[in-house]
Amino acid sequence: MSAEYAVHGPVAVITLANPPVNGLGLATRQGIADGLARAQADAAVTAIVITGAGSAFSGGADIKEFGTGKSLQEPSLSSVIAAIENASKPVIAALHSVAMGGGLELALGCHYRIAAPGCSIAFPEVRLGLLPGAGGTQRLPRVVGVEAALNTIVSGETVKSEFIGAMPGQKLFDKMSASAESLAAEALALAQSVASVRPLPLVRNLPCKHPAGDAYFQFTRNMIKGMAGKFPAPARCVDAIEAATRRSFDDGVQVERAIFIELMWTPESRALRHLFMAERAVSKIADVPADTPRREIRAVAVVGAGTMGGGIAMNFLNAGIPVKILETRQEALDRGMATMRKNYEAQVKKGKLTQEQYTQRMALLSPTLDYADLKDADLFIEAVFEEMGVKEAVFRQLDAVAKPGAILASNTSTLDVDRIAACTRRPQDVLGMHFFSPANVMKLLEVVRGKQTAKDVLATVMALGKRIKKTCVLSRVCDGFIGNRMLEQYVRQAGFLLDEGCTPQQVDQAMESFGFAMGPFRVSDLAGNDIGWAIRKRRAVERAEMKYSRTADKLCELGRFGQKTGAGWYDYQAGKRDAIPSALVEKLIEDHRKELGITPRRIAEEEIVQRLVFALVNEGAHILEDGIASKSSDIDMVYITGYGFPLHRGGPMHYAGELGLFNVVQAMERFAKNPLDDAAFWKPAPLLAKLAAQGKVFD
Ligand code: T1G
């Protein structure tokens, strides 16, 4: 039962009860329909109120039902709304907390609406690659006007009920309750006050016109072209709303329905719906219950005031958490403090931060050269040079000064967290917190679980990550964790493609057409080519079997580290970031091919994209087999939030599923036949091969 029925005097009350947000799943829709029928049949009932239990009126259609067939099963939301409109007694929607998507459409089908202040009103469907599919594009313009409706539906933005209630001429709410607490009583009173009104008012009967329709919709379409990017839904929202101004209500609903079904099947909508669920699943750790007690984090200590340390510190300052930041030399400490000030001042200049907020944040920051000053911290984050010996020494110091129960985290991007933990007497309090540069901007935070990391430490850090607005993805310990381990294969393929015939700009353009903001060589020039160089040198010792193109090393041997040296894979004019194809680099690559005896070939864009993306997929499958990531949607979240994988593709693992894993394996088998490639790498991971053979997708 997902809707409760009760009678208060002459008013029947139907309460949606499908936690956590009263998603309008089949059982809930059936519960509403049954309640309406019951109220209609009861002569003592003169009016009906619909409201929601818990922390929402309704968050809309049950997204978990999409693709299961249940979302289209009768009673559909549209037929429930039709039953409301055809009811012989007034139906009042009592809105509180959240009224979104199908929940707002349900309310728009009612004869009257009363809203509590603070209720979040939105049509967020566009963020799922959809549009309101139960009459929302036809009814909302009729109660708030075409332009306000179009802005709401195309943006998917949330607006508070009191803001709408104050809009002159709005007909969305017949009444605002004095408070959330008084909503129920005021809804009952409203119901009784309209019990005898006939004919019952219907939103569908209101007029819907725009005085300058052609010009307005043309202007809107031009505006949307830029912001919609690869997503078709925003423009289709405009089509549906325009239909509301030009056609009868029933015809307009047909137009909306057709567009909804069209969008439901687009890969872009499937990707966005996948990521909606992936983002909510990412914080769940199978063996760490959601109610695991957490340690209190009142103060943080950051060791290392370099680019990463300063950026890390800013995350906590922004969340109002005091930070002590330590360096070993005064000038390094001063430099780190100056960088943070510069970052905040830039935000103040852009209007992203007020002067007062800047001052408040800096007041929470205490620089020090003395480890003893860190003794009260509840969480330590080490962000020093990426060299095991240096990190081990730091952790020994932290172990000596930290109080019992303090959490010790390393920001290492690839090193063995278990080995770092072994330098302390408290391995259960040690884990990795791998931030991505710039640490105060990038959303991704890889939380690296050591063999002995305690469950309450994980629960504490995952919750803290959410508090500092990060997407926390749990990783086990391996070289490169999730993101960088996969990136290694992506970059290797990019290098092989140069050996075989591509220029850096051809590879970058192919990946940017696929949807990445920047291709691998532009990214490398931005981050610094010397970072990869150091990792390859370390790997050459530890994993000699790993084959690489030597072009990247030759580039670094020339000191071409990228933007920071004014030259890398590309040339750069002083003070500019525009990547200019470099004749010197092209000659370096040509000479290297001659050295290897390689005759360059023309390589199609499709092969470039497949070799780089399928390299991510195959390594991702190995990562799942090794238990480094617990679910494939976590890998997608890593690549979407930390590596610029295009949103409309849903992440590497989702994208592979969309293409069909069988097709991915087929392509890999072709790559394995290329003598210049790495045949061993292209052997499909057993998990990938198994799923492909079974015609399945990743979990
Ligand atoms: N369906 C199913 N589950 C939902 C849901 C939904 N619509 N919305 C949230 N959840 C789950 C979510 O997965 C998580 O589950 C829990 O609720 C808390 O979510 C016909 C077709 C409502 C503002 O797009 O914006 O209606 O992880 O962490 O921060 O035209 O959830 O606990 O198991 O986000 O308090 C349109 C999406 C659907 C609303 C609450 N509606 N949801 O935020 O909690 S399509 C949406 C949200 C539609 C109609 C069309 C937010 C929220 P779990 P949360 P929150």
# chains A, B, ... in the order shown; residues from 1 in each chain; ligands from 1
$ residues_near_ligand --ligand "ligand 1" --cutoff "6 Å" --atoms "only C-alpha atoms and all ligand atoms" --output "PyMOL selection string"
chain A and resi 20-21+23+59-64+100-102+124-125+132-134+277+280-281
$ write_last_selection --atoms "C-alpha atoms" --output "PDB file, in the first residue's frame"
ATOM      1  CA  PRO A  20      11.869   8.246   0.857  1.00  0.00           C
ATOM      2  CA  VAL A  21      10.233  10.852  -1.416  1.00  0.00           C
ATOM      3  CA  GLY A  23       7.908   8.444  -5.766  1.00  0.00           C
ATOM      4  CA  GLY A  59       9.602  13.762  -5.684  1.00  0.00           C
ATOM      5  CA  GLY A  60       7.850  12.740  -8.905  1.00  0.00           C
ATOM      6  CA  ALA A  61       7.650   9.546 -10.922  1.00  0.00           C
ATOM      7  CA  ASP A  62       9.586   6.662  -9.416  1.00  0.00           C
ATOM      8  CA  ILE A  63      12.833   6.817 -11.384  1.00  0.00           C
ATOM      9  CA  LYS A  64      13.685   3.315 -10.218  1.00  0.00           C
ATOM     10  CA  MET A 100       8.612  17.918  -8.105  1.00  0.00           C
ATOM     11  CA  GLY A 101       8.118  16.398 -11.513  1.00  0.00           C
ATOM     12  CA  GLY A 102       5.140  14.084 -11.536  1.00  0.00           C
ATOM     13  CA  PRO A 124      13.658  18.566 -12.935  1.00  0.00           C
ATOM     14  CA  GLU A 125      12.859  16.129 -15.754  1.00  0.00           C
ATOM     15  CA  PRO A 132       7.268  16.603 -17.758  1.00  0.00           C
ATOM     16  CA  GLY A 133       5.253  13.769 -19.297  1.00  0.00           C
ATOM     17  CA  ALA A 134       1.900  13.987 -17.472  1.00  0.00           C
ATOM     18  CA  MET A 277      21.075   6.648  -9.515  1.00  0.00           C
ATOM     19  CA  ARG A 280      23.098   8.260  -4.945  1.00  0.00           C
ATOM     20  CA  ALA A 281      24.569   4.785  -4.860  1.00  0.00           C
TER      21      ALA A 281
END
$ residues_around --residues "A:Met462" --least-positions-apart "2" --cutoff "8 Å" --atoms "only C-alpha atoms" --output "list of chain:residue names"
A:Ser283, A:Val447, A:Leu458, A:Ala459, A:Thr460, A:Leu464, A:Gly465, A:Lys466, A:Cys472
$ atom_distance --atom1 "atom CA of A:Asn205" --atom2 "atom CA of A:Ser161"
23.0 Å
$ select_by_dssp --residues "stretch 418-528 of chain A" --states "helix (DSSP H, G or I)" --output "MDAnalysis selection string"
chainID A and resid 418:421 427:429 455:467 483:500 504:514 520:527
$ residues_around --residues "stretch 165-180 of chain A" --least-positions-apart "3" --cutoff "9 Å" --atoms "only C-alpha atoms" --output "PyMOL selection string"
chain A and resi 95-97+108+112-119+140+142-145+160-162+183-184+186-187+190+203
$ write_last_selection --atoms "N, CA and C atoms" --output "compact mmCIF listing (two decimals), in the first residue's frame"
# COMPACT_ATOMS: atom_id res chain seq x y z
N LEU A 95 0.63 20.83 -0.42
CA LEU A 95 2.04 20.64 -0.77
C LEU A 95 2.97 21.11 0.35
N HIS A 96 4.00 20.25 0.59
CA HIS A 96 5.02 20.67 1.57
C HIS A 96 6.37 20.08 1.16
N SER A 97 7.44 20.63 1.61
CA SER A 97 8.82 20.12 1.46
C SER A 97 9.27 20.00 0.00
N LEU A 108 -1.11 19.87 -10.09
CA LEU A 108 -1.72 20.72 -11.13
C LEU A 108 -3.02 20.14 -11.64
N TYR A 112 -7.72 22.51 -6.50
CA TYR A 112 -7.13 23.58 -5.68
C TYR A 112 -5.76 23.14 -5.16
N ARG A 113 -4.90 24.10 -4.86
CA ARG A 113 -3.59 23.79 -4.31
C ARG A 113 -3.29 24.75 -3.17
N ILE A 114 -2.89 24.16 -2.03
CA ILE A 114 -2.40 24.99 -0.92
C ILE A 114 -0.97 24.54 -0.64
N ALA A 115 -0.08 25.50 -0.48
CA ALA A 115 1.35 25.15 -0.30
C ALA A 115 1.88 25.75 0.99
N ALA A 116 2.70 24.96 1.65
CA ALA A 116 3.39 25.48 2.84
C ALA A 116 4.61 26.26 2.35
N PRO A 117 5.02 27.28 3.08
CA PRO A 117 6.25 27.98 2.69
C PRO A 117 7.43 27.00 2.76
N GLY A 118 8.46 27.25 1.94
CA GLY A 118 9.65 26.41 1.96
C GLY A 118 9.54 25.16 1.14
N CYS A 119 8.41 25.01 0.44
CA CYS A 119 8.25 23.80 -0.38
C CYS A 119 9.04 23.97 -1.68
N LEU A 140 1.42 23.99 -16.48
CA LEU A 140 2.19 25.02 -15.77
C LEU A 140 2.08 26.40 -16.45
N ARG A 142 -0.30 27.60 -17.89
CA ARG A 142 -1.65 28.12 -17.65
C ARG A 142 -1.81 28.73 -16.26
N VAL A 143 -0.84 28.43 -15.37
CA VAL A 143 -1.01 28.98 -14.00
C VAL A 143 0.10 29.96 -13.61
N VAL A 144 1.24 29.92 -14.33
CA VAL A 144 2.27 30.91 -13.97
C VAL A 144 2.70 31.74 -15.18
N GLY A 145 2.08 31.45 -16.36
CA GLY A 145 2.47 32.21 -17.56
C GLY A 145 3.50 31.43 -18.37
N LYS A 160 11.29 28.08 -4.52
CA LYS A 160 10.55 27.90 -3.27
C LYS A 160 9.10 28.40 -3.45
N SER A 161 8.18 27.72 -2.80
CA SER A 161 6.75 27.99 -2.97
C SER A 161 6.39 29.43 -2.66
N GLU A 162 7.01 30.00 -1.64
CA GLU A 162 6.63 31.38 -1.27
C GLU A 162 7.01 32.37 -2.37
N LEU A 183 -0.24 23.43 7.78
CA LEU A 183 -0.74 23.05 6.45
C LEU A 183 -1.93 22.10 6.53
N ALA A 184 -1.81 21.06 7.31
CA ALA A 184 -2.88 20.03 7.33
C ALA A 184 -4.21 20.66 7.72
N GLU A 186 -5.10 23.79 7.67
CA GLU A 186 -5.57 24.79 6.69
C GLU A 186 -6.08 24.12 5.42
N ALA A 187 -5.49 22.96 5.09
CA ALA A 187 -5.97 22.24 3.90
C ALA A 187 -7.37 21.70 4.14
N LEU A 190 -9.71 24.64 3.89
CA LEU A 190 -9.91 25.02 2.48
C LEU A 190 -10.87 24.03 1.82
N VAL A 203 -7.39 23.51 -14.21
CA VAL A 203 -6.27 24.24 -14.82
C VAL A 203 -6.32 24.10 -16.34
$ residues_around --residues "stretch 224-228 of chain A" --least-positions-apart "5" --cutoff "10 Å" --atoms "only C-alpha atoms" --output "number ranges by chain"
A: 154-155, 218-219, 233-235, 238
$ write_last_selection --atoms "N, CA and C atoms" --output "CSV table (one decimal), in the first residue's frame"
chain,number,residue,atom,x,y,z
A,154,VAL,N,12.7,24.3,-18.7
A,154,VAL,CA,14.0,24.2,-19.5
A,154,VAL,C,15.2,24.1,-18.5
A,155,SER,N,15.1,24.8,-17.4
A,155,SER,CA,16.2,24.9,-16.5
A,155,SER,C,16.2,23.7,-15.5
A,218,GLN,N,11.3,31.8,-31.0
A,218,GLN,CA,12.5,31.8,-31.8
A,218,GLN,C,13.7,32.3,-30.9
A,219,PHE,N,13.4,33.3,-30.2
A,219,PHE,CA,14.5,33.9,-29.3
A,219,PHE,C,14.9,32.8,-28.3
A,233,ALA,N,16.8,17.4,-24.9
A,233,ALA,CA,15.6,17.7,-24.1
A,233,ALA,C,15.2,19.1,-24.0
A,234,PRO,N,16.2,20.0,-23.7
A,234,PRO,CA,15.8,21.5,-23.6
A,234,PRO,C,15.0,22.0,-24.8
A,235,ALA,N,15.5,21.7,-26.0
A,235,ALA,CA,14.8,22.3,-27.2
A,235,ALA,C,13.4,21.6,-27.3
A,238,VAL,N,10.8,23.3,-25.3
A,238,VAL,CA,10.2,24.5,-25.9
A,238,VAL,C,9.1,24.1,-26.9
$ residues_around --residues "A:Val665" --least-positions-apart "3" --cutoff "12 Å" --atoms "only C-alpha atoms" --output "JSON, numbers by chain"
{"A": [610, 611, 614, 615, 617, 618, 621, 656, 657, 659, 660, 661, 662, 668, 669, 670, 671, 672, 682, 683, 684, 685, 686, 687, 688, 689, 690, 691, 692, 693, 695]}
$ write_last_selection --atoms "N, CA, C and O atoms" --output "CSV table (one decimal), in the first residue's frame"
chain,number,residue,atom,x,y,z
A,610,GLN,N,37.7,4.5,-29.9
A,610,GLN,CA,37.5,3.2,-29.4
A,610,GLN,C,38.7,2.7,-28.6
A,610,GLN,O,38.6,2.2,-27.5
A,611,ARG,N,39.9,3.0,-29.1
A,611,ARG,CA,41.1,2.5,-28.4
A,611,ARG,C,41.3,3.2,-27.1
A,611,ARG,O,41.7,2.6,-26.1
A,614,PHE,N,37.8,2.2,-24.9
A,614,PHE,CA,37.8,0.7,-24.5
A,614,PHE,C,38.9,0.3,-23.6
A,614,PHE,O,38.8,-0.6,-22.8
A,615,ALA,N,40.0,1.1,-23.7
A,615,ALA,CA,41.1,0.9,-22.8
A,615,ALA,C,40.6,1.2,-21.3
A,615,ALA,O,40.9,0.4,-20.4
A,617,VAL,N,37.5,0.9,-20.4
A,617,VAL,CA,36.5,-0.1,-20.1
A,617,VAL,C,37.2,-1.4,-19.6
A,617,VAL,O,36.8,-2.0,-18.6
A,618,ASN,N,38.2,-1.8,-20.4
A,618,ASN,CA,38.8,-3.1,-20.0
A,618,ASN,C,39.5,-3.0,-18.7
A,618,ASN,O,39.4,-3.9,-17.9
A,621,ALA,N,37.0,-3.1,-16.0
A,621,ALA,CA,36.5,-4.5,-15.7
A,621,ALA,C,37.5,-5.2,-14.8
A,621,ALA,O,37.1,-5.9,-13.8
A,656,ALA,N,29.9,1.6,-22.6
A,656,ALA,CA,30.2,0.3,-23.2
A,656,ALA,C,28.9,-0.5,-23.2
A,656,ALA,O,28.7,-1.2,-24.2
A,657,GLY,N,28.1,-0.5,-22.2
A,657,GLY,CA,26.9,-1.2,-22.2
A,657,GLY,C,25.9,-0.8,-23.2
A,657,GLY,O,25.3,-1.6,-23.9
A,659,LEU,N,26.8,0.5,-26.1
A,659,LEU,CA,27.3,0.0,-27.4
A,659,LEU,C,27.1,-1.5,-27.6
A,659,LEU,O,27.0,-2.0,-28.7
A,660,GLY,N,27.0,-2.2,-26.4
A,660,GLY,CA,26.9,-3.6,-26.4
A,660,GLY,C,28.3,-4.2,-26.1
A,660,GLY,O,29.3,-4.0,-26.9
A,661,LEU,N,28.5,-4.9,-25.0
A,661,LEU,CA,29.8,-5.4,-24.6
A,661,LEU,C,30.4,-6.4,-25.7
A,661,LEU,O,31.6,-6.5,-25.9
A,662,PHE,N,29.5,-7.0,-26.4
A,662,PHE,CA,29.9,-7.9,-27.5
A,662,PHE,C,30.7,-7.1,-28.5
A,662,PHE,O,31.8,-7.5,-29.0
A,668,MET,N,38.2,-5.0,-29.5
A,668,MET,CA,39.4,-5.3,-28.7
A,668,MET,C,40.2,-6.4,-29.4
A,668,MET,O,41.4,-6.4,-29.5
A,669,GLU,N,39.4,-7.4,-30.0
A,669,GLU,CA,40.1,-8.5,-30.7
A,669,GLU,C,40.8,-8.0,-31.9
A,669,GLU,O,41.9,-8.4,-32.2
A,670,ARG,N,40.2,-7.0,-32.6
A,670,ARG,CA,40.9,-6.4,-33.7
A,670,ARG,C,42.2,-5.6,-33.3
A,670,ARG,O,43.2,-5.8,-33.9
A,671,PHE,N,42.1,-4.9,-32.2
A,671,PHE,CA,43.2,-4.1,-31.7
A,671,PHE,C,44.4,-5.1,-31.3
A,671,PHE,O,45.6,-4.8,-31.5
A,672,ALA,N,44.0,-6.2,-30.8
A,672,ALA,CA,45.1,-7.2,-30.4
A,672,ALA,C,45.9,-7.7,-31.5
A,672,ALA,O,47.0,-8.2,-31.3
A,682,TRP,N,44.9,-6.1,-24.6
A,682,TRP,CA,43.6,-6.2,-25.3
A,682,TRP,C,42.9,-7.5,-25.1
A,682,TRP,O,41.8,-7.7,-25.6
A,683,LYS,N,43.5,-8.4,-24.3
A,683,LYS,CA,42.8,-9.6,-24.0
A,683,LYS,C,41.6,-9.2,-23.0
A,683,LYS,O,41.9,-8.6,-22.0
A,684,PRO,N,40.4,-9.4,-23.4
A,684,PRO,CA,39.3,-8.9,-22.6
A,684,PRO,C,39.4,-9.4,-21.1
A,684,PRO,O,39.6,-10.6,-20.9
A,685,ALA,N,39.2,-8.5,-20.2
A,685,ALA,CA,39.1,-8.9,-18.8
A,685,ALA,C,38.1,-10.1,-18.7
A,685,ALA,O,37.0,-10.0,-19.3
A,686,PRO,N,38.3,-11.1,-17.9
A,686,PRO,CA,37.3,-12.2,-17.8
A,686,PRO,C,35.9,-11.8,-17.5
A,686,PRO,O,35.0,-12.2,-18.1
A,687,LEU,N,35.7,-10.8,-16.7
A,687,LEU,CA,34.4,-10.3,-16.4
A,687,LEU,C,33.7,-9.7,-17.6
A,687,LEU,O,32.6,-10.0,-17.9
A,688,LEU,N,34.5,-8.9,-18.4
A,688,LEU,CA,34.0,-8.3,-19.6
A,688,LEU,C,33.6,-9.4,-20.6
A,688,LEU,O,32.6,-9.4,-21.2
A,689,ALA,N,34.5,-10.4,-20.8
A,689,ALA,CA,34.3,-11.5,-21.7
A,689,ALA,C,33.0,-12.2,-21.3
A,689,ALA,O,32.2,-12.6,-22.2
A,690,LYS,N,32.9,-12.5,-20.0
A,690,LYS,CA,31.7,-13.3,-19.6
A,690,LYS,C,30.4,-12.5,-19.8
A,690,LYS,O,29.5,-13.0,-20.4
A,691,LEU,N,30.4,-11.2,-19.5
A,691,LEU,CA,29.2,-10.4,-19.7
A,691,LEU,C,28.8,-10.3,-21.2
A,691,LEU,O,27.7,-10.4,-21.6
A,692,ALA,N,29.9,-10.1,-22.0
A,692,ALA,CA,29.7,-10.0,-23.4
A,692,ALA,C,29.1,-11.3,-24.0
A,692,ALA,O,28.1,-11.3,-24.8
A,693,ALA,N,29.6,-12.4,-23.5
A,693,ALA,CA,29.1,-13.7,-24.0
A,693,ALA,C,27.6,-13.9,-23.6
A,693,ALA,O,26.8,-14.5,-24.3
A,695,GLY,N,25.5,-11.5,-23.2
A,695,GLY,CA,24.7,-10.4,-23.7
A,695,GLY,C,24.2,-9.5,-22.6
A,695,GLY,O,23.2,-8.8,-22.7
$ residues_around --residues "stretch 420-436 of chain A" --least-positions-apart "3" --cutoff "8 Å" --atoms "only C-alpha atoms" --output "compact mmCIF listing (two decimals) with N, CA, C and O atoms, in the first residue's frame"
# COMPACT_ATOMS: atom_id res chain seq x y z
N MET A 308 48.34 21.30 -3.77
CA MET A 308 47.31 20.36 -3.30
C MET A 308 46.92 20.68 -1.86
O MET A 308 45.76 20.78 -1.53
N ILE A 312 43.23 21.63 -0.69
CA ILE A 312 42.53 20.73 0.26
C ILE A 312 42.04 21.54 1.45
O ILE A 312 40.89 21.45 1.85
N ILE A 381 45.37 15.43 7.09
CA ILE A 381 45.49 15.07 5.68
C ILE A 381 46.89 15.44 5.23
O ILE A 381 47.28 16.62 5.26
N MET A 388 57.31 7.66 -1.37
CA MET A 388 56.95 6.83 -0.22
C MET A 388 57.78 7.18 1.02
O MET A 388 57.22 7.34 2.11
N LYS A 391 56.52 10.28 2.71
CA LYS A 391 55.20 10.08 3.33
C LYS A 391 55.33 9.25 4.60
O LYS A 391 54.69 9.54 5.62
N GLU A 392 56.17 8.24 4.57
CA GLU A 392 56.33 7.40 5.76
C GLU A 392 56.85 8.23 6.93
O GLU A 392 56.35 8.13 8.05
N PHE A 395 54.05 10.33 8.35
CA PHE A 395 53.07 9.57 9.14
C PHE A 395 53.63 9.14 10.50
O PHE A 395 52.89 9.02 11.47
N ARG A 396 54.92 8.93 10.57
CA ARG A 396 55.51 8.62 11.88
C ARG A 396 55.36 9.83 12.80
O ARG A 396 54.99 9.72 13.97
N ASP A 399 51.69 10.13 13.80
CA ASP A 399 51.33 9.10 14.77
C ASP A 399 51.78 9.50 16.16
O ASP A 399 51.10 9.22 17.16
N GLY A 405 42.12 8.31 18.33
CA GLY A 405 40.85 8.49 17.61
C GLY A 405 40.95 9.46 16.46
O GLY A 405 40.03 9.56 15.64
N ALA A 406 42.08 10.15 16.35
CA ALA A 406 42.23 11.04 15.18
C ALA A 406 42.41 10.19 13.94
O ALA A 406 42.95 9.09 13.98
N ILE A 407 41.92 10.72 12.81
CA ILE A 407 42.01 9.99 11.54
C ILE A 407 43.20 10.54 10.77
O ILE A 407 43.39 11.76 10.70
N LEU A 408 44.03 9.64 10.23
CA LEU A 408 45.21 10.06 9.46
C LEU A 408 44.99 9.68 8.00
O LEU A 408 44.85 8.50 7.67
N ALA A 409 44.95 10.68 7.12
CA ALA A 409 44.67 10.42 5.70
C ALA A 409 45.83 10.89 4.85
O ALA A 409 46.47 11.90 5.15
N SER A 410 46.09 10.13 3.77
CA SER A 410 47.11 10.56 2.81
C SER A 410 46.42 10.97 1.52
O SER A 410 45.50 10.30 1.06
N ASN A 411 46.90 12.04 0.91
CA ASN A 411 46.37 12.49 -0.37
C ASN A 411 47.12 11.83 -1.52
O ASN A 411 47.02 12.24 -2.67
N THR A 412 47.82 10.74 -1.24
CA THR A 412 48.58 10.12 -2.32
C THR A 412 47.70 9.78 -3.51
O THR A 412 46.53 9.44 -3.35
N SER A 413 48.27 9.89 -4.72
CA SER A 413 47.46 9.61 -5.91
C SER A 413 47.71 8.19 -6.42
O SER A 413 46.99 7.72 -7.30
N ASP A 416 50.91 3.06 -2.01
CA ASP A 416 50.26 1.99 -1.23
C ASP A 416 49.88 2.50 0.16
O ASP A 416 50.74 2.67 1.04
N VAL A 417 48.60 2.70 0.37
CA VAL A 417 48.10 3.22 1.66
C VAL A 417 48.36 2.24 2.79
O VAL A 417 48.61 2.63 3.93
N ALA A 439 42.20 21.09 -6.05
CA ALA A 439 41.51 20.32 -4.99
C ALA A 439 40.30 21.07 -4.45
O ALA A 439 39.38 20.45 -3.93
N MET A 442 37.66 20.51 -8.01
CA MET A 442 37.22 19.21 -8.54
C MET A 442 36.33 18.49 -7.53
O MET A 442 36.65 18.39 -6.35
N LYS A 443 35.21 17.95 -8.02
CA LYS A 443 34.22 17.30 -7.14
C LYS A 443 34.68 15.93 -6.66
O LYS A 443 34.29 15.49 -5.60
N LEU A 444 35.54 15.26 -7.41
CA LEU A 444 35.86 13.86 -7.10
C LEU A 444 36.82 13.76 -5.91
O LEU A 444 37.79 14.50 -5.83
N LEU A 445 36.51 12.82 -5.02
CA LEU A 445 37.41 12.49 -3.92
C LEU A 445 37.44 10.96 -3.83
O LEU A 445 36.42 10.33 -3.52
N GLU A 446 38.58 10.36 -4.15
CA GLU A 446 38.70 8.90 -4.00
C GLU A 446 39.05 8.61 -2.55
O GLU A 446 40.05 9.11 -2.03
N VAL A 447 38.17 7.86 -1.87
CA VAL A 447 38.43 7.48 -0.47
C VAL A 447 39.03 6.09 -0.51
O VAL A 447 38.37 5.12 -0.93
N VAL A 448 40.31 5.97 -0.13
CA VAL A 448 41.04 4.71 -0.33
C VAL A 448 41.06 3.91 0.97
O VAL A 448 41.62 4.34 1.98
N ARG A 449 40.41 2.77 0.93
CA ARG A 449 40.25 1.91 2.11
C ARG A 449 41.44 0.97 2.24
O ARG A 449 41.69 0.16 1.34
N GLY A 450 42.15 1.09 3.36
CA GLY A 450 43.26 0.16 3.60
C GLY A 450 42.73 -1.15 4.16
O GLY A 450 41.57 -1.24 4.55
N GLN A 452 43.23 -2.41 6.90
CA GLN A 452 42.82 -2.34 8.31
C GLN A 452 41.98 -1.11 8.63
O GLN A 452 41.65 -0.87 9.78
N THR A 453 41.64 -0.31 7.64
CA THR A 453 40.85 0.90 7.91
C THR A 453 39.54 0.53 8.60
O THR A 453 38.80 -0.34 8.12
N ALA A 454 39.25 1.18 9.71
CA ALA A 454 38.04 0.86 10.48
C ALA A 454 36.80 1.36 9.75
O ALA A 454 36.84 2.36 9.03
N VAL A 457 35.75 4.86 10.52
CA VAL A 457 36.60 5.85 9.83
C VAL A 457 36.06 6.09 8.43
O VAL A 457 35.92 7.23 7.97
N GLY A 642 35.74 13.32 -12.22
CA GLY A 642 37.17 13.59 -12.03
C GLY A 642 38.00 13.65 -13.28
O GLY A 642 39.13 14.12 -13.28
$ closest_residue --among "A:Lys349, A:Lys89, A:Lys209, A:Arg236" --to "A:Glu256" --atoms "only C-alpha atoms"
A:Arg236
$ residues_around --residues "A:Ala574" --least-positions-apart "6" --cutoff "12 Å" --atoms "only C-alpha atoms" --output "list in words"
Gln563, Lys564, Thr565, Gly566, Ala567 and Ile580 of chain A
$ write_last_selection --atoms "N, CA and C atoms" --output "PDB file, in the first residue's frame"
ATOM      1  N   GLN A 563      52.314  23.637 -20.448  1.00  0.00           N
ATOM      2  CA  GLN A 563      52.031  25.066 -20.317  1.00  0.00           C
ATOM      3  C   GLN A 563      53.009  25.727 -19.360  1.00  0.00           C
ATOM      4  N   LYS A 564      53.392  25.025 -18.307  1.00  0.00           N
ATOM      5  CA  LYS A 564      54.233  25.681 -17.293  1.00  0.00           C
ATOM      6  C   LYS A 564      55.635  25.992 -17.819  1.00  0.00           C
ATOM      7  N   THR A 565      56.020  25.300 -18.930  1.00  0.00           N
ATOM      8  CA  THR A 565      57.333  25.645 -19.506  1.00  0.00           C
ATOM      9  C   THR A 565      57.155  26.322 -20.866  1.00  0.00           C
ATOM     10  N   GLY A 566      55.924  26.658 -21.193  1.00  0.00           N
ATOM     11  CA  GLY A 566      55.662  27.359 -22.457  1.00  0.00           C
ATOM     12  C   GLY A 566      55.680  26.461 -23.658  1.00  0.00           C
ATOM     13  N   ALA A 567      55.962  25.169 -23.422  1.00  0.00           N
ATOM     14  CA  ALA A 567      55.964  24.232 -24.555  1.00  0.00           C
ATOM     15  C   ALA A 567      55.818  22.809 -24.039  1.00  0.00           C
ATOM     16  N   ILE A 580      49.063  25.426 -29.664  1.00  0.00           N
ATOM     17  CA  ILE A 580      49.444  25.594 -31.079  1.00  0.00           C
ATOM     18  C   ILE A 580      50.211  24.358 -31.543  1.00  0.00           C
TER      19      ILE A 580
END
$ select_by_dssp --residues "stretch 319-469 of chain A" --states "strand (DSSP E)" --output "list in words"
Val323, Lys324, Ile325, Leu326, Leu365, Ser366, Pro367, Thr368, Leu379, Phe380, Ile381, Glu382, Ile407, Leu408, Ala409, Ser410, Val430, Leu431, Gly432, Met433, His434, Phe435, Leu444, Leu445, Glu446, Val447, Val448 and Arg449 of chain A
$ closest_residue --among "A:Leu206, A:Ala258, A:Ile84, A:Ala604" --to "A:Gly109" --atoms "only C-alpha atoms"
A:Ile84
$ closest_residue --among "A:Gln573, A:Ser549, A:Gln360, A:Thr292" --to "A:Ala463" --atoms "only C-alpha atoms"
A:Thr292
$ atom_distance --atom1 "atom CA of A:Lys469" --atom2 "atom CA of A:Met518"
24.1 Å
$ atom_distance --atom1 "atom CA of A:Glu545" --atom2 "atom CA of A:Glu605"
28.7 Å
$ closest_residue --among "A:Ala383, A:Asp677, A:Ala332, A:Val664" --to "A:Leu497" --atoms "only C-alpha atoms"
A:Asp677
$ closest_residue --among "A:Leu263, A:Leu647, A:Val697, A:Ser475" --to "A:Asn663" --atoms "only C-alpha atoms"
A:Val697
$ closest_residue --among "A:Phe481, A:Phe698, A:Phe316, A:Tyr548" --to "A:Asn440" --atoms "only C-alpha atoms"
A:Phe316
